[in-house]
Amino acid sequence: MGAVLERNHVSEPAYLAAEERAAMRSEYIAGEVFAMAGGSERHNRITGNIFFQLRAASRGHRCRAFMADMKLRVAAQRAFYYPDAMLVCDDADDHPQYKERPCFIAEVLSPGTANIDAREKWLHYRELPSLRYYLMVDSERVWARLLSRAGEGRWLEQQLDAGEVVRIECGGLAIGLSLEDLYEDTGLSIG
């Protein structure tokens, strides 16, 4: 018989306080805390490329771009995640530790996180009324999928092709993203 481990539930305030002091980031789901794995250089470059596009478009604008170290709170699921990149255009979304109303979220898929990003996080993220776009970008091969809100409970799915530019419209901003933008300087060749 295996060892019995006791799992203690953690409150949201206790989780937030611990994250302020933690050397490593953890995500929180309904009272349970899960350590996050580190990313590869390519994962980091893709995340940086997405953030660069968001930040360049939002300079001098009320929309704010975040990457990797800003938490996202999904209150309905009692969850806190660290999206790889997100864009927030709601002035009232001003908590210094987390955001709750992004219009755009991007996750860079790694072999160890792809299923969580494509299933669990997607199921939770789509409950956010403010969310209009969810971008998933593979870090191992050239592949990206954009989910766009088309109406109440309806989402359109689009796989990006070489040379194609998808348009993200949030808070008065219009941002174009292409596979070339996402995979710049990653060592992966586009088409």
# chains A, B, ... in the order shown; residues from 1 in each chain; ligands from 1
>>> closest_atom_pairs(of="range 24-132 of chain A", to="range 139-153 of chain A", cutoff="12 Å", atoms="only C-alpha atoms", output="Markdown table")
| residue | atom | partner | partner_atom | distance |
| --- | --- | --- | --- | --- |
| A:Gly39 | CA | A:Ser139 | CA | 9.7 |
| A:Ser40 | CA | A:Ser139 | CA | 8.6 |
| A:Glu41 | CA | A:Ser139 | CA | 9.5 |
| A:Arg42 | CA | A:Ser139 | CA | 6.3 |
| A:His43 | CA | A:Ser139 | CA | 5.5 |
| A:Asn44 | CA | A:Ser139 | CA | 9.1 |
| A:Arg45 | CA | A:Ser139 | CA | 9.3 |
| A:Ile46 | CA | A:Ser139 | CA | 7.4 |
| A:Thr47 | CA | A:Ser139 | CA | 9.6 |
| A:Ile50 | CA | A:Ala144 | CA | 11.9 |
| A:Cys103 | CA | A:Arg149 | CA | 10.0 |
| A:Phe104 | CA | A:Ser148 | CA | 9.3 |
| A:Ile105 | CA | A:Leu146 | CA | 10.0 |
| A:Ala106 | CA | A:Leu146 | CA | 9.0 |
| A:Glu107 | CA | A:Ser139 | CA | 10.0 |
| A:Val108 | CA | A:Ser139 | CA | 6.3 |
| A:Leu109 | CA | A:Ser139 | CA | 5.7 |
| A:Ser110 | CA | A:Ser139 | CA | 5.7 |
| A:Pro111 | CA | A:Glu140 | CA | 7.9 |
| A:Gly112 | CA | A:Ser139 | CA | 11.0 |
| A:Thr113 | CA | A:Ser139 | CA | 10.6 |
| A:Ala114 | CA | A:Ser139 | CA | 9.6 |
| A:Asp117 | CA | A:Arg145 | CA | 11.9 |
| A:Ala118 | CA | A:Arg145 | CA | 10.1 |
| A:Trp122 | CA | A:Leu147 | CA | 9.6 |
| A:Leu123 | CA | A:Gly153 | CA | 11.7 |
| A:Tyr125 | CA | A:Leu147 | CA | 11.1 |
| A:Arg126 | CA | A:Gly153 | CA | 8.6 |
| A:Glu127 | CA | A:Gly153 | CA | 9.0 |
| A:Leu128 | CA | A:Arg149 | CA | 10.8 |
| A:Pro129 | CA | A:Glu152 | CA | 9.2 |
| A:Ser130 | CA | A:Arg149 | CA | 9.8 |
| A:Leu131 | CA | A:Arg149 | CA | 7.6 |
| A:Arg132 | CA | A:Arg149 | CA | 5.0 |
>>> select_by_dssp(residues="range 21-175 of chain A", states="strand (DSSP E)", output="JSON, numbers by chain")
{"A": [26, 27, 28, 29, 32, 33, 34, 35, 64, 65, 66, 67, 71, 72, 73, 74, 79, 80, 81, 85, 86, 87, 88, 98, 99, 102, 103, 104, 105, 106, 107, 108, 109, 133, 134, 135, 136, 137, 138, 144, 145, 146, 147, 148, 149, 150, 151, 154, 155, 156, 157, 158, 159, 165, 166, 167, 168, 169, 170, 173, 174, 175]}
>>> residues_around(residues="Ser58 in chain A", least_positions_apart="5", cutoff="12 Å", atoms="only C-alpha atoms", output="PyMOL selection string")
chain A and resi 51-53+63-66+86-89+169-175
>>> residues_around(residues="Lys71 in chain A", least_positions_apart="2", cutoff="7 Å", atoms="only C-alpha atoms", output="list in words")
Asp69, Arg73, Phe80, Tyr81, Tyr82, Gln97, Tyr98 and Lys99 of chain A
>>> select_by_dssp(residues="range 59-147 of chain A", states="alpha helix (DSSP H)", output="MDAnalysis selection string")
chainID A and resid 114:115 122:125
>>> write_last_selection(atoms="N, CA, C and O atoms", output="PDB file, in the first residue's frame")
ATOM      1  N   ALA A 114       0.248  21.362 -22.565  1.00  0.00           N
ATOM      2  CA  ALA A 114      -0.688  21.489 -23.693  1.00  0.00           C
ATOM      3  C   ALA A 114      -2.098  21.039 -23.343  1.00  0.00           C
ATOM      4  O   ALA A 114      -3.073  21.725 -23.665  1.00  0.00           O
ATOM      5  N   ASN A 115      -2.242  19.898 -22.687  1.00  0.00           N
ATOM      6  CA  ASN A 115      -3.582  19.408 -22.354  1.00  0.00           C
ATOM      7  C   ASN A 115      -4.294  20.311 -21.357  1.00  0.00           C
ATOM      8  O   ASN A 115      -5.492  20.546 -21.476  1.00  0.00           O
ATOM      9  N   TRP A 122      -9.005  26.492 -20.988  1.00  0.00           N
ATOM     10  CA  TRP A 122      -9.999  26.956 -21.952  1.00  0.00           C
ATOM     11  C   TRP A 122     -11.401  26.897 -21.358  1.00  0.00           C
ATOM     12  O   TRP A 122     -12.182  27.843 -21.489  1.00  0.00           O
ATOM     13  N   LEU A 123     -11.754  25.817 -20.671  1.00  0.00           N
ATOM     14  CA  LEU A 123     -13.083  25.707 -20.050  1.00  0.00           C
ATOM     15  C   LEU A 123     -13.311  26.813 -19.028  1.00  0.00           C
ATOM     16  O   LEU A 123     -14.406  27.349 -18.909  1.00  0.00           O
ATOM     17  N   HIS A 124     -12.264  27.169 -18.297  1.00  0.00           N
ATOM     18  CA  HIS A 124     -12.380  28.232 -17.298  1.00  0.00           C
ATOM     19  C   HIS A 124     -12.335  29.615 -17.929  1.00  0.00           C
ATOM     20  O   HIS A 124     -13.132  30.490 -17.584  1.00  0.00           O
ATOM     21  N   TYR A 125     -11.396  29.826 -18.842  1.00  0.00           N
ATOM     22  CA  TYR A 125     -11.241  31.152 -19.452  1.00  0.00           C
ATOM     23  C   TYR A 125     -12.501  31.590 -20.195  1.00  0.00           C
ATOM     24  O   TYR A 125     -12.880  32.760 -20.146  1.00  0.00           O
TER      25      TYR A 125
END
>>> atom_distance(atom1="CA of Gly38 in chain A", atom2="CA of Asp181 in chain A")
23.0 Å
>>> closest_residue(among="A:Gly60, A:Pro13, A:Pro96, A:Pro102", to="Tyr28 in chain A", atoms="only C-alpha atoms")
A:Pro13
>>> residues_around(residues="Glu164 in chain A", least_positions_apart="6", cutoff="9 Å", atoms="only C-alpha atoms", output="MDAnalysis selection string")
chainID A and resid 177:180
>>> write_last_selection(atoms="N, CA, C and O atoms", output="short mmCIF file (atom, residue, chain, number, x, y, z; two decimals), in the first residue's frame")
data_model
loop_
_atom_site.label_atom_id
_atom_site.label_comp_id
_atom_site.auth_asym_id
_atom_site.auth_seq_id
_atom_site.Cartn_x
_atom_site.Cartn_y
_atom_site.Cartn_z
N LEU A 177 -1.75 39.82 -35.79
CA LEU A 177 -0.79 38.79 -35.39
C LEU A 177 -0.66 37.76 -36.51
O LEU A 177 -1.67 37.35 -37.09
N SER A 178 0.56 37.35 -36.79
CA SER A 178 0.81 36.34 -37.81
C SER A 178 1.72 35.26 -37.22
O SER A 178 2.35 35.46 -36.18
N LEU A 179 1.81 34.12 -37.91
CA LEU A 179 2.75 33.09 -37.48
C LEU A 179 4.17 33.64 -37.48
O LEU A 179 4.97 33.30 -36.60
N GLU A 180 4.47 34.49 -38.44
CA GLU A 180 5.80 35.09 -38.51
C GLU A 180 6.08 35.93 -37.26
O GLU A 180 7.20 35.89 -36.73
#
>>> closest_residue(among="A:Ala17, A:Leu188, A:Leu72, A:Leu135", to="Leu156 in chain A", atoms="only C-alpha atoms")
A:Leu135
